[in-house]
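Containing compact mmCIF, C-alpha atoms: final_36.txt.
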# COMPACT_ATOMS: atom_id res chain seq x y z
CA MET A 1 31.46 -54.56 -1.18
CA ALA A 2 31.23 -54.67 2.61
CA ARG A 3 29.11 -51.96 4.16
CA ILE A 4 31.18 -50.51 7.00
CA LEU A 5 30.11 -47.89 9.55
CA ASP A 6 32.71 -45.97 11.54
CA VAL A 7 30.95 -44.67 14.68
CA GLY A 8 32.61 -41.62 16.19
CA CYS A 9 34.98 -41.53 13.22
CA GLY A 10 36.67 -38.29 14.22
CA LYS A 11 39.36 -37.20 11.78
CA ASN A 12 40.70 -40.70 11.09
CA LYS A 13 37.77 -42.26 9.32
CA TYR A 14 38.37 -45.88 8.33
CA ALA A 15 39.00 -46.19 4.58
CA GLY A 16 35.84 -47.19 2.72
CA ALA A 17 33.58 -46.67 5.74
CA LEU A 18 30.62 -44.39 6.22
CA GLY A 19 31.48 -42.05 9.10
CA VAL A 20 29.07 -40.86 11.77
CA ASP A 21 30.05 -38.38 14.47
CA ARG A 22 28.46 -35.55 16.42
CA ASN A 23 31.16 -33.00 15.67
CA PRO A 24 30.98 -31.15 12.32
CA ALA A 25 34.77 -30.62 12.35
CA THR A 26 35.32 -34.36 11.74
CA ASP A 27 35.32 -36.44 8.55
CA ALA A 28 31.78 -37.60 9.31
CA ASP A 29 29.38 -38.22 6.44
CA VAL A 30 26.41 -38.15 8.83
CA LEU A 31 26.11 -36.01 11.95
CA CYS A 32 24.13 -37.15 14.96
CA ASP A 33 24.38 -37.27 18.75
CA LEU A 34 25.80 -40.72 19.46
CA SER A 35 24.38 -40.69 22.99
CA ARG A 36 20.85 -40.43 21.57
CA PRO A 37 20.06 -43.51 19.50
CA PRO A 38 18.52 -44.48 17.16
CA TYR A 39 21.07 -43.32 14.58
CA PRO A 40 19.60 -42.45 11.16
CA PHE A 41 20.10 -45.85 9.47
CA CYS A 42 17.79 -48.78 8.82
CA ASP A 43 17.98 -52.11 10.66
CA ALA A 44 20.70 -54.51 9.50
CA SER A 45 22.33 -51.87 7.28
CA PHE A 46 25.94 -52.85 7.93
CA ASP A 47 28.29 -55.83 7.66
CA GLU A 48 30.80 -54.27 10.01
CA ILE A 49 30.79 -51.47 12.56
CA ARG A 50 33.90 -49.94 14.05
CA ALA A 51 33.72 -47.94 17.28
CA VAL A 52 37.23 -46.89 18.21
CA HIS A 53 37.53 -44.94 21.48
CA VAL A 54 33.85 -44.07 21.52
CA VAL A 55 31.94 -46.18 23.99
CA GLU A 56 33.66 -44.63 27.03
CA HIS A 57 32.16 -41.25 26.08
CA LEU A 58 28.51 -42.26 25.72
CA GLU A 59 25.71 -41.83 28.24
CA ASP A 60 24.39 -45.37 28.17
CA VAL A 61 26.59 -48.26 27.08
CA ILE A 62 23.82 -50.85 27.10
CA ARG A 63 21.62 -48.70 24.86
CA PHE A 64 24.62 -48.20 22.52
CA MET A 65 25.24 -51.95 22.23
CA GLU A 66 21.55 -52.46 21.46
CA GLU A 67 21.86 -49.87 18.68
CA MET A 68 24.97 -51.61 17.27
CA HIS A 69 23.01 -54.86 17.28
CA ARG A 70 20.12 -53.24 15.41
CA LEU A 71 22.38 -51.75 12.72
CA LEU A 72 24.37 -54.94 12.07
CA ARG A 73 23.13 -57.74 9.87
CA ALA A 74 22.97 -61.19 11.51
CA GLY A 75 26.56 -62.37 11.76
CA GLY A 76 27.85 -58.82 11.22
CA ARG A 77 30.95 -57.80 13.09
CA LEU A 78 31.48 -55.14 15.74
CA TYR A 79 35.01 -53.95 16.44
CA LEU A 80 35.32 -51.97 19.68
CA VAL A 81 38.39 -50.30 21.12
CA THR A 82 38.38 -48.60 24.53
CA PRO A 83 41.02 -47.75 27.16
CA HIS A 84 41.66 -50.21 29.95
CA TYR A 85 40.75 -48.49 33.23
CA THR A 86 44.32 -48.79 34.51
CA ASP A 87 45.71 -46.72 31.64
CA ALA A 88 46.43 -43.04 32.17
CA GLY A 89 44.36 -42.40 29.04
CA SER A 90 41.20 -43.58 30.74
CA PHE A 91 41.43 -40.67 33.18
CA ARG A 92 43.11 -38.04 31.06
CA ASP A 93 40.01 -37.18 29.07
CA PRO A 94 37.26 -35.50 31.11
CA SER A 95 34.63 -36.66 28.62
CA HIS A 96 35.21 -40.31 29.60
CA ARG A 97 32.19 -41.46 31.58
CA TRP A 98 33.11 -45.13 31.89
CA HIS A 99 36.25 -46.94 32.99
CA LEU A 100 36.20 -50.45 31.59
CA ASN A 101 38.08 -53.75 31.62
CA SER A 102 38.35 -56.76 29.37
CA PHE A 103 35.25 -58.37 30.92
CA SER A 104 33.00 -55.31 30.62
CA PHE A 105 30.78 -56.71 27.86
CA TYR A 106 29.91 -60.05 29.34
CA TYR A 107 26.23 -59.07 29.73
CA PHE A 108 25.98 -59.48 25.98
CA THR A 109 28.22 -62.50 25.45
CA GLN A 110 27.65 -64.62 28.56
CA PRO A 111 24.12 -63.84 29.55
CA ARG A 112 23.52 -66.67 32.01
CA GLU A 113 23.64 -64.54 35.14
CA TYR A 114 23.01 -60.96 34.05
CA GLY A 115 21.31 -61.45 30.69
CA PHE A 116 18.23 -59.62 31.94
CA TYR A 117 20.06 -56.29 31.57
CA SER A 118 19.52 -56.47 27.81
CA PRO A 119 17.97 -58.87 25.30
CA VAL A 120 20.64 -58.41 22.60
CA ARG A 121 23.37 -61.00 22.14
CA PHE A 122 26.84 -60.92 20.66
CA ARG A 123 29.31 -63.74 20.23
CA GLU A 124 32.80 -62.93 21.48
CA GLN A 125 35.19 -63.62 18.61
CA ARG A 126 38.37 -62.24 20.06
CA ILE A 127 39.61 -59.97 22.84
CA ARG A 128 43.06 -58.52 22.82
CA VAL A 129 44.56 -56.42 25.60
CA ARG A 130 47.46 -54.12 24.91
CA LEU A 131 49.89 -53.33 27.71
CA LEU A 132 52.49 -50.61 28.06
CA LYS A 133 55.64 -51.14 26.00
CA LEU A 134 57.78 -52.34 28.91
CA TRP A 135 55.40 -55.19 29.72
CA ARG A 136 55.06 -56.07 26.05
CA TRP A 137 58.82 -56.44 25.79
CA LEU A 138 58.82 -58.69 28.84
CA GLY A 139 56.27 -60.99 27.25
CA LEU A 140 53.42 -60.19 29.62
CA GLU A 141 51.11 -58.96 26.88
CA TRP A 142 51.52 -62.29 25.14
CA LEU A 143 50.63 -64.15 28.35
CA VAL A 144 47.55 -62.01 29.05
CA ASN A 145 46.23 -62.64 25.56
CA HIS A 146 47.29 -66.25 25.44
CA SER A 147 44.87 -67.60 28.02
CA ARG A 148 41.60 -66.36 29.47
CA ALA A 149 42.54 -67.73 32.90
CA PHE A 150 45.72 -65.67 32.96
CA ARG A 151 43.83 -62.59 31.74
CA LYS A 152 41.42 -63.00 34.65
CA PHE A 153 44.32 -63.37 37.08
CA TRP A 154 45.93 -60.27 35.59
CA GLU A 155 42.66 -58.31 35.95
CA GLU A 156 42.16 -59.39 39.56
CA TYR A 157 45.67 -59.24 40.97
CA LEU A 158 48.21 -57.59 38.68
CA CYS A 159 46.75 -54.84 36.54
CA PHE A 160 47.35 -51.92 38.91
CA MET A 161 51.08 -52.69 38.64
CA ILE A 162 51.35 -54.21 35.17
CA ARG A 163 48.98 -51.67 33.72
CA GLY A 164 46.79 -52.07 30.67
CA LYS A 165 46.54 -49.70 27.75
CA GLU A 166 43.76 -50.52 25.33
CA ILE A 167 41.30 -53.33 24.91
CA HIS A 168 40.24 -54.50 21.46
CA PHE A 169 37.02 -56.50 21.15
CA TRP A 170 35.66 -58.31 18.12
CA PHE A 171 32.01 -59.35 18.44
CA GLU A 172 29.58 -61.02 16.08
CA ALA A 173 25.92 -59.98 16.20
CA VAL A 174 23.68 -62.94 17.08
CA LYS A 175 20.17 -62.50 15.76
CA GLY A 176 17.05 -64.63 15.40
CA ALA A 177 16.63 -68.12 16.81
CA SER A 178 20.37 -68.70 17.29
CA MET B 1 2.12 -52.18 51.48
CA SER B 2 1.25 -54.74 54.06
CA ALA B 3 3.54 -57.60 53.05
CA LEU B 4 5.34 -58.78 56.17
CA GLY B 5 8.93 -59.87 56.25
CA VAL B 6 10.77 -62.12 58.67
CA ALA B 7 9.16 -61.87 62.13
CA GLY B 8 6.86 -59.13 60.89
CA ARG B 9 9.66 -56.86 59.75
CA ARG B 10 9.08 -55.02 56.51
CA ILE B 11 12.05 -55.26 54.20
CA LEU B 12 12.62 -53.44 50.92
CA ASP B 13 15.09 -54.90 48.42
CA VAL B 14 16.02 -52.14 45.96
CA GLY B 15 17.24 -53.44 42.58
CA CYS B 16 16.48 -56.99 43.70
CA GLY B 17 17.34 -58.56 40.32
CA ARG B 18 16.98 -62.33 40.28
CA GLY B 19 18.21 -62.91 43.82
CA LYS B 20 15.55 -61.15 45.87
CA TYR B 21 16.11 -61.26 49.63
CA PRO B 22 13.66 -63.74 51.25
CA ALA B 23 10.38 -62.16 52.35
CA ALA B 24 11.37 -58.72 51.09
CA ILE B 25 9.40 -56.50 48.75
CA GLY B 26 11.56 -56.28 45.64
CA ILE B 27 11.70 -53.33 43.28
CA ASP B 28 13.53 -53.33 39.98
CA ARG B 29 13.39 -51.81 36.51
CA SER B 30 13.00 -54.99 34.55
CA LEU B 31 10.17 -57.51 34.22
CA ALA B 32 12.78 -60.25 33.91
CA THR B 33 13.59 -59.94 37.64
CA GLN B 34 11.80 -61.13 40.79
CA ALA B 35 10.52 -57.62 41.47
CA ASP B 36 7.10 -57.13 43.10
CA VAL B 37 7.03 -53.51 41.95
CA ILE B 38 8.53 -52.28 38.68
CA CYS B 39 9.92 -48.77 38.88
CA ASP B 40 13.07 -46.89 38.02
CA TRP B 41 14.92 -47.31 41.31
CA ALA B 42 17.41 -44.71 40.23
CA ARG B 43 14.70 -42.05 40.50
CA GLY B 44 12.60 -42.81 43.58
CA TYR B 45 10.42 -45.41 45.23
CA PRO B 46 6.61 -45.51 45.11
CA PHE B 47 6.14 -45.90 48.87
CA ALA B 48 4.97 -43.59 51.64
CA ASP B 49 7.37 -42.24 54.27
CA SER B 50 8.70 -44.41 57.12
CA GLN B 51 7.39 -47.75 55.82
CA PHE B 52 10.32 -50.14 56.17
CA ASP B 53 12.32 -51.71 58.98
CA GLU B 54 15.13 -52.63 56.65
CA VAL B 55 16.24 -51.42 53.20
CA ARG B 56 18.76 -53.40 51.19
CA LEU B 57 20.75 -52.10 48.21
CA ILE B 58 22.95 -54.96 47.05
CA HIS B 59 25.19 -53.95 44.15
CA VAL B 60 22.90 -51.06 43.32
CA ILE B 61 24.36 -47.70 44.38
CA GLU B 62 27.26 -47.97 41.92
CA GLU B 63 24.65 -47.77 39.12
CA VAL B 64 22.40 -44.89 40.22
CA ASP B 65 22.60 -41.40 38.74
CA ASP B 66 22.87 -39.68 42.09
CA ILE B 67 23.97 -41.42 45.30
CA LEU B 68 23.01 -38.48 47.54
CA ALA B 69 19.46 -38.46 46.16
CA THR B 70 19.24 -42.26 46.48
CA LEU B 71 20.23 -42.24 50.13
CA ALA B 72 17.80 -39.39 50.80
CA GLU B 73 15.05 -41.57 49.29
CA VAL B 74 16.12 -44.61 51.34
CA HIS B 75 16.02 -42.39 54.43
CA ARG B 76 12.51 -41.23 53.53
CA VAL B 77 10.94 -44.69 53.16
CA ALA B 78 12.76 -46.15 56.21
CA ARG B 79 11.44 -45.97 59.77
CA PRO B 80 13.52 -44.25 62.47
CA GLY B 81 16.05 -46.82 63.65
CA ALA B 82 15.66 -48.95 60.51
CA ARG B 83 18.64 -50.91 59.22
CA VAL B 84 20.11 -50.13 55.80
CA VAL B 85 22.43 -52.66 54.18
CA ILE B 86 24.52 -51.52 51.21
CA VAL B 87 26.93 -53.76 49.31
CA THR B 88 29.07 -52.35 46.48
CA PRO B 89 32.39 -53.26 44.82
CA HIS B 90 35.53 -51.69 46.21
CA TYR B 91 37.01 -49.48 43.49
CA THR B 92 40.14 -51.63 43.33
CA ASP B 93 38.22 -54.80 42.46
CA HIS B 94 37.99 -55.82 38.84
CA SER B 95 34.20 -56.19 39.23
CA SER B 96 33.95 -52.43 39.69
CA TYR B 97 34.94 -52.15 36.01
CA CYS B 98 33.30 -55.31 34.68
CA SER B 99 29.95 -53.68 34.13
CA PRO B 100 29.33 -50.83 31.72
CA THR B 101 26.52 -49.68 34.05
CA HIS B 102 28.82 -48.82 36.97
CA ARG B 103 28.96 -45.05 37.24
CA TRP B 104 30.69 -44.84 40.59
CA HIS B 105 33.84 -46.46 41.94
CA LEU B 106 33.74 -46.36 45.74
CA SER B 107 35.85 -46.97 48.83
CA SER B 108 35.03 -48.00 52.38
CA PHE B 109 34.86 -44.31 53.37
CA SER B 110 32.49 -43.28 50.57
CA LEU B 111 29.46 -43.00 52.84
CA TRP B 112 31.30 -40.73 55.23
CA PHE B 113 29.10 -37.79 54.25
CA PHE B 114 26.12 -39.51 55.79
CA SER B 115 27.46 -40.73 59.11
CA ASP B 116 30.41 -39.23 60.97
CA LYS B 117 30.65 -36.12 58.83
CA PRO B 118 31.72 -32.84 60.36
CA ARG B 119 28.79 -30.48 60.92
CA GLU B 120 29.82 -28.15 58.12
CA TYR B 121 28.79 -30.85 55.62
CA ASP B 122 25.21 -31.07 56.89
CA TYR B 123 23.98 -29.09 53.90
CA TYR B 124 25.61 -31.60 51.56
CA ALA B 125 23.69 -34.69 52.61
CA PRO B 126 20.95 -33.88 55.10
CA ALA B 127 19.80 -37.52 55.49
CA GLN B 128 21.30 -38.81 58.75
CA PHE B 129 22.54 -42.34 59.30
CA ARG B 130 24.62 -43.95 62.01
CA GLU B 131 27.36 -46.26 60.75
CA ARG B 132 26.83 -49.63 62.44
CA ARG B 133 29.33 -51.74 60.56
CA VAL B 134 31.68 -51.48 57.60
CA GLU B 135 33.23 -54.67 56.37
CA VAL B 136 35.63 -55.06 53.48
CA LYS B 137 36.17 -58.31 51.61
CA LEU B 138 39.56 -58.84 50.03
CA LEU B 139 40.70 -61.28 47.37
CA ARG B 140 41.23 -64.82 48.64
CA LEU B 141 45.02 -64.67 48.79
CA TRP B 142 44.92 -61.66 51.12
CA ARG B 143 42.19 -63.24 53.22
CA TRP B 144 44.36 -66.32 53.73
CA LEU B 145 47.23 -64.10 54.80
CA GLY B 146 45.08 -62.48 57.50
CA LEU B 147 44.92 -59.04 55.89
CA GLU B 148 41.15 -59.01 55.65
CA PHE B 149 40.95 -59.61 59.39
CA LEU B 150 43.28 -56.67 60.07
CA VAL B 151 41.42 -54.32 57.72
CA ASN B 152 38.12 -55.06 59.43
CA ARG B 153 39.41 -55.28 63.00
CA PHE B 154 40.98 -51.82 63.22
CA ARG B 155 39.54 -48.71 61.64
CA TRP B 156 42.97 -47.08 61.59
CA PHE B 157 44.33 -50.05 59.65
CA ARG B 158 41.46 -49.84 57.17
CA ARG B 159 42.37 -46.20 56.65
CA PHE B 160 46.04 -47.11 56.19
CA TRP B 161 45.03 -49.84 53.75
CA GLU B 162 42.87 -47.40 51.73
CA TYR B 163 45.68 -44.85 51.57
CA TYR B 164 48.77 -47.00 51.09
CA LEU B 165 48.04 -50.61 50.22
CA CYS B 166 44.84 -51.12 48.29
CA PHE B 167 46.24 -50.96 44.75
CA VAL B 168 48.41 -53.96 45.60
CA ILE B 169 46.32 -55.73 48.24
CA ARG B 170 43.11 -55.22 46.36
CA GLY B 171 39.60 -55.07 47.77
CA LYS B 172 36.61 -57.02 46.55
CA HIS B 173 33.45 -55.57 47.98
CA ILE B 174 32.29 -53.44 50.88
CA THR B 175 29.29 -54.01 53.14
CA PHE B 176 27.90 -50.98 54.95
CA GLU B 177 25.31 -51.37 57.65
CA LEU B 178 23.68 -48.09 58.64
CA GLU B 179 20.95 -47.10 61.06
CA VAL B 180 18.44 -44.47 60.04
CA ILE B 181 18.27 -41.43 62.29
CA LYS B 182 15.16 -39.28 62.06

Please, can you express the file's structure as structure tokens?
Amino acid sequence: MARILDVGCGKNKYAGALGVDRNPATDADVLCDLSRPPYPFCDASFDEIRAVHVVEHLEDVIRFMEEMHRLLRAGGRLYLVTPHYTDAGSFRDPSHRWHLNSFSFYYFTQPREYGFYSPVRFREQRIRVRLLKLWRWLGLEWLVNHSRAFRKFWEEYLCFMIRGKEIHFWFEAVKGAS
Amino acid sequence: MSALGVAGRRILDVGCGRGKYPAAIGIDRSLATQADVICDWARGYPFADSQFDEVRLIHVIEEVDDILATLAEVHRVARPGARVVIVTPHYTDHSSYCSPTHRWHLSSFSLWFFSDKPREYDYYAPAQFRERRVEVKLLRLWRWLGLEFLVNRFRWFRRFWEYYLCFVIRGKHITFELEVIK
């Protein structure tokens, strides 16, 4: 059975996952302050970690990604969801410290230029941007997700008009000599 | 520090990373950079007062905890009349959001508190600078259409651009050149 950790599980803990949160009113199985790693688990304890609408709340994103890397086994999967910075939701919640886009994790996946920020590496498996319903109906969401070049064009030129909603990232933890 | 920069000028490159300015003394947090001195540049610099003729912060202030404290520290280590060069993304550029270390999203008027502020804000940011130059880079399309020229040529147009246009005609980065007043 896959060992799954739901970080910041809130009241919608993923079925079959172990939940960790800082708020005792949630469905968490383990309570700890997510901005103060390490979390109380051994190295390589999980096959999959889900962090849905969490990373934008934490004090230090790089330290958080390093902790995710520590907790995942080699090849383990990290699923991250966070608001796109052009969505109203990114600014509605006063506990959001970070406003992110679909290229915000390239320190970990494309380390050529800025790899010195952190030694941990992830492989980007998939990125999917969700747009507001109107743009989805008009086929723009399909275009943004269809090609990386168009996604970059959308981020640079269009996204303040054709606004984003959420970004979904799937990463694989790269460990050891690979 | 006695290292001499170009023509004997002492230059400090704060958060130099892997592209340290030629002949500058570089400080950074990480051993993997070209830094001459390792320190947490978000907290303060291990140099005496009035040491440098030029201080450069290239893509740095958007990452510090406290911009007011950082500019106070830059002011402290710079000589009277020293040049300070600051480059940071404009808050409408995608690069402002590309890094999960960017705490601040800034505009071309974000250093207003330090230069042409009204006197009632003196208590807010006591370090004094004179604004020598502010230059905005726009995305290529807008540069080709002459909008970058207009934004940089007329201060009133830059203001109009910041208020009315910049979510459509998006910025890229801003260069501030300040002079230290002591």

*For chain B, which residues have at least one atom within 8 Å of chain A, if we go by only C-alpha atoms? Write them as number ranges by chain, please.*
B: 30, 32-33, 93-94, 97-103, 167-168, 170

*Nearest residue to A:Leu80 from the set A:Ile167, A:Leu134, A:Leu31, A:Ala44 (distances using all atoms listed in the file)*: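 Once distances to A:Leu80 are computed over all atoms listed in the file, the minimum belongs to A:Ile167.
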
_Point-to-point distance in Å for atom CA of B:Ser95 and atom CA of B:Gly19_ = 17.9 Å

Tell me, as a PDB file with C-alpha atoms, keeping the file's coordinate frame, which residues lie within 10 Å of A:Gln110, counting all atoms listed in the file; anything in the same chain fewer than 6 positions away does not count.
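This is the output file selection34.pdb:
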ATOM      1  CA  ARG A 121      23.370 -61.000  22.140  1.00  0.00           C
ATOM      2  CA  PHE A 122      26.840 -60.920  20.660  1.00  0.00           C
ATOM      3  CA  ARG A 123      29.310 -63.740  20.230  1.00  0.00           C
ATOM      4  CA  GLU A 124      32.800 -62.930  21.480  1.00  0.00           C
TER       5      GLU A 124
END

Report as a short mmCIF file (atom, residue, chain, number, x, y, z; two decimals) with C-alpha atoms, keeping the file's coordinate frame all protein, DNA and RNA residues lying within 9 Å of A:Val52, evaluated on only C-alpha atoms, omitting residues in the same chain fewer than 3 positions from it.
data_model
loop_
_atom_site.label_atom_id
_atom_site.label_comp_id
_atom_site.auth_asym_id
_atom_site.auth_seq_id
_atom_site.Cartn_x
_atom_site.Cartn_y
_atom_site.Cartn_z
CA ASP A 6 32.71 -45.97 11.54
CA VAL A 7 30.95 -44.67 14.68
CA GLY A 8 32.61 -41.62 16.19
CA CYS A 9 34.98 -41.53 13.22
CA VAL A 55 31.94 -46.18 23.99
CA TYR A 79 35.01 -53.95 16.44
CA LEU A 80 35.32 -51.97 19.68
CA VAL A 81 38.39 -50.30 21.12
CA THR A 82 38.38 -48.60 24.53
CA HIS A 168 40.24 -54.50 21.46
#

_Nearest to B:Asp65 by atom-to-atom distance, counting all atoms listed in the file, from B:Leu145, B:Arg159, B:Gly8, B:Arg43_ = B:Arg43

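Atom CA of B:Leu147 is found 22.2 Å from atom CA of A:Ile162.
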
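Coordinates place atom CA of A:Phe153 at a distance of 25.0 Å from atom CA of B:Ile58.
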
*asked:* List as a PyMOL selection string the protein and nucleic acid residues near B:Glu148, meaning an atom at most 7 Å away when all atoms listed in the file are counted, but skip any in the same chain fewer than 4 places from it.
replied: chain B and resi 137-138+142-143+152

Residue selection dump (C-alpha atoms) as a compact mmCIF listing (two decimals), in the frame of the given file:
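Once everything was written out, this is out.txt:
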# COMPACT_ATOMS: atom_id res chain seq x y z
CA LYS B 137 36.17 -58.31 51.61
CA LEU B 138 39.56 -58.84 50.03
CA TRP B 142 44.92 -61.66 51.12
CA ARG B 143 42.19 -63.24 53.22
CA ASN B 152 38.12 -55.06 59.43

*asked:* Need the shell around stretch 45-52 of chain B: protein/DNA/RNA residues with any atom at most 9 Å away, counting all atoms listed in the file. Skip same-chain ones fewer than 4 positions apart. Format as a list in words?
replied: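 Listed by chain and then number, they are Met1, Arg9, Arg10, Ile11, Leu12, Val14, Ile27, Val37, Cys39, Asp40, Trp41, Glu73, Val74, His75, Arg76, Val77, Ala78, Arg79, Pro80, Ala82 and Arg83 of chain B.
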
*For B:Ala127, which of B:Leu57, B:Pro22, B:Ser115, B:Phe157 is the closest residue, counting only C-alpha atoms?*
B:Ser115

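With all atoms listed in the file as the basis for measurement, A:Ala2 is the residue among A:Ala51, A:Leu132, A:Ala88, A:Ala2 that approaches A:Arg73 most closely.
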
What would stretch 35-55 of chain A look like with N, CA and C atoms in place, written as a PDB file, in the coordinates of the input?
ATOM      1  N   SER A  35      24.999 -40.284  21.718  1.00  0.00           N
ATOM      2  CA  SER A  35      24.380 -40.690  22.990  1.00  0.00           C
ATOM      3  C   SER A  35      22.859 -40.756  22.894  1.00  0.00           C
ATOM      4  N   ARG A  36      22.310 -40.435  21.715  1.00  0.00           N
ATOM      5  CA  ARG A  36      20.850 -40.430  21.570  1.00  0.00           C
ATOM      6  C   ARG A  36      20.419 -41.319  20.418  1.00  0.00           C
ATOM      7  N   PRO A  37      20.539 -42.639  20.557  1.00  0.00           N
ATOM      8  CA  PRO A  37      20.060 -43.510  19.500  1.00  0.00           C
ATOM      9  C   PRO A  37      18.537 -43.396  19.400  1.00  0.00           C
ATOM     10  N   PRO A  38      17.905 -43.801  18.311  1.00  0.00           N
ATOM     11  CA  PRO A  38      18.520 -44.480  17.160  1.00  0.00           C
ATOM     12  C   PRO A  38      19.281 -43.524  16.248  1.00  0.00           C
ATOM     13  N   TYR A  39      20.336 -44.058  15.600  1.00  0.00           N
ATOM     14  CA  TYR A  39      21.070 -43.320  14.580  1.00  0.00           C
ATOM     15  C   TYR A  39      20.275 -43.445  13.267  1.00  0.00           C
ATOM     16  N   PRO A  40      20.473 -42.499  12.345  1.00  0.00           N
ATOM     17  CA  PRO A  40      19.600 -42.450  11.160  1.00  0.00           C
ATOM     18  C   PRO A  40      19.950 -43.491  10.079  1.00  0.00           C
ATOM     19  N   PHE A  41      19.882 -44.763  10.436  1.00  0.00           N
ATOM     20  CA  PHE A  41      20.100 -45.850   9.470  1.00  0.00           C
ATOM     21  C   PHE A  41      19.071 -46.937   9.721  1.00  0.00           C
ATOM     22  N   CYS A  42      18.768 -47.701   8.671  1.00  0.00           N
ATOM     23  CA  CYS A  42      17.790 -48.780   8.820  1.00  0.00           C
ATOM     24  C   CYS A  42      18.397 -49.971   9.551  1.00  0.00           C
ATOM     25  N   ASP A  43      17.523 -50.874  10.007  1.00  0.00           N
ATOM     26  CA  ASP A  43      17.980 -52.110  10.660  1.00  0.00           C
ATOM     27  C   ASP A  43      18.881 -52.890   9.705  1.00  0.00           C
ATOM     28  N   ALA A  44      19.834 -53.582  10.248  1.00  0.00           N
ATOM     29  CA  ALA A  44      20.700 -54.510   9.500  1.00  0.00           C
ATOM     30  C   ALA A  44      21.354 -53.851   8.279  1.00  0.00           C
ATOM     31  N   SER A  45      21.750 -52.591   8.416  1.00  0.00           N
ATOM     32  CA  SER A  45      22.330 -51.870   7.280  1.00  0.00           C
ATOM     33  C   SER A  45      23.801 -52.175   7.046  1.00  0.00           C
ATOM     34  N   PHE A  46      24.482 -52.764   8.034  1.00  0.00           N
ATOM     35  CA  PHE A  46      25.940 -52.850   7.930  1.00  0.00           C
ATOM     36  C   PHE A  46      26.468 -54.268   8.160  1.00  0.00           C
ATOM     37  N   ASP A  47      27.593 -54.555   7.453  1.00  0.00           N
ATOM     38  CA  ASP A  47      28.290 -55.830   7.660  1.00  0.00           C
ATOM     39  C   ASP A  47      29.307 -55.704   8.793  1.00  0.00           C
ATOM     40  N   GLU A  48      29.791 -54.480   8.980  1.00  0.00           N
ATOM     41  CA  GLU A  48      30.800 -54.270  10.010  1.00  0.00           C
ATOM     42  C   GLU A  48      30.629 -52.877  10.596  1.00  0.00           C
ATOM     43  N   ILE A  49      30.782 -52.782  11.910  1.00  0.00           N
ATOM     44  CA  ILE A  49      30.790 -51.470  12.560  1.00  0.00           C
ATOM     45  C   ILE A  49      32.058 -51.358  13.382  1.00  0.00           C
ATOM     46  N   ARG A  50      32.695 -50.210  13.267  1.00  0.00           N
ATOM     47  CA  ARG A  50      33.900 -49.940  14.050  1.00  0.00           C
ATOM     48  C   ARG A  50      33.602 -48.808  15.013  1.00  0.00           C
ATOM     49  N   ALA A  51      33.925 -49.000  16.290  1.00  0.00           N
ATOM     50  CA  ALA A  51      33.720 -47.940  17.280  1.00  0.00           C
ATOM     51  C   ALA A  51      35.012 -47.855  18.083  1.00  0.00           C
ATOM     52  N   VAL A  52      35.882 -46.966  17.639  1.00  0.00           N
ATOM     53  CA  VAL A  52      37.230 -46.890  18.210  1.00  0.00           C
ATOM     54  C   VAL A  52      37.299 -45.696  19.162  1.00  0.00           C
ATOM     55  N   HIS A  53      37.497 -45.982  20.439  1.00  0.00           N
ATOM     56  CA  HIS A  53      37.530 -44.940  21.480  1.00  0.00           C
ATOM     57  C   HIS A  53      36.271 -44.086  21.466  1.00  0.00           C
ATOM     58  N   VAL A  54      35.138 -44.746  21.562  1.00  0.00           N
ATOM     59  CA  VAL A  54      33.850 -44.070  21.520  1.00  0.00           C
ATOM     60  C   VAL A  54      32.991 -44.414  22.729  1.00  0.00           C
ATOM     61  N   VAL A  55      32.924 -45.706  23.028  1.00  0.00           N
ATOM     62  CA  VAL A  55      31.940 -46.180  23.990  1.00  0.00           C
ATOM     63  C   VAL A  55      32.139 -45.544  25.362  1.00  0.00           C
TER      64      VAL A  55
END
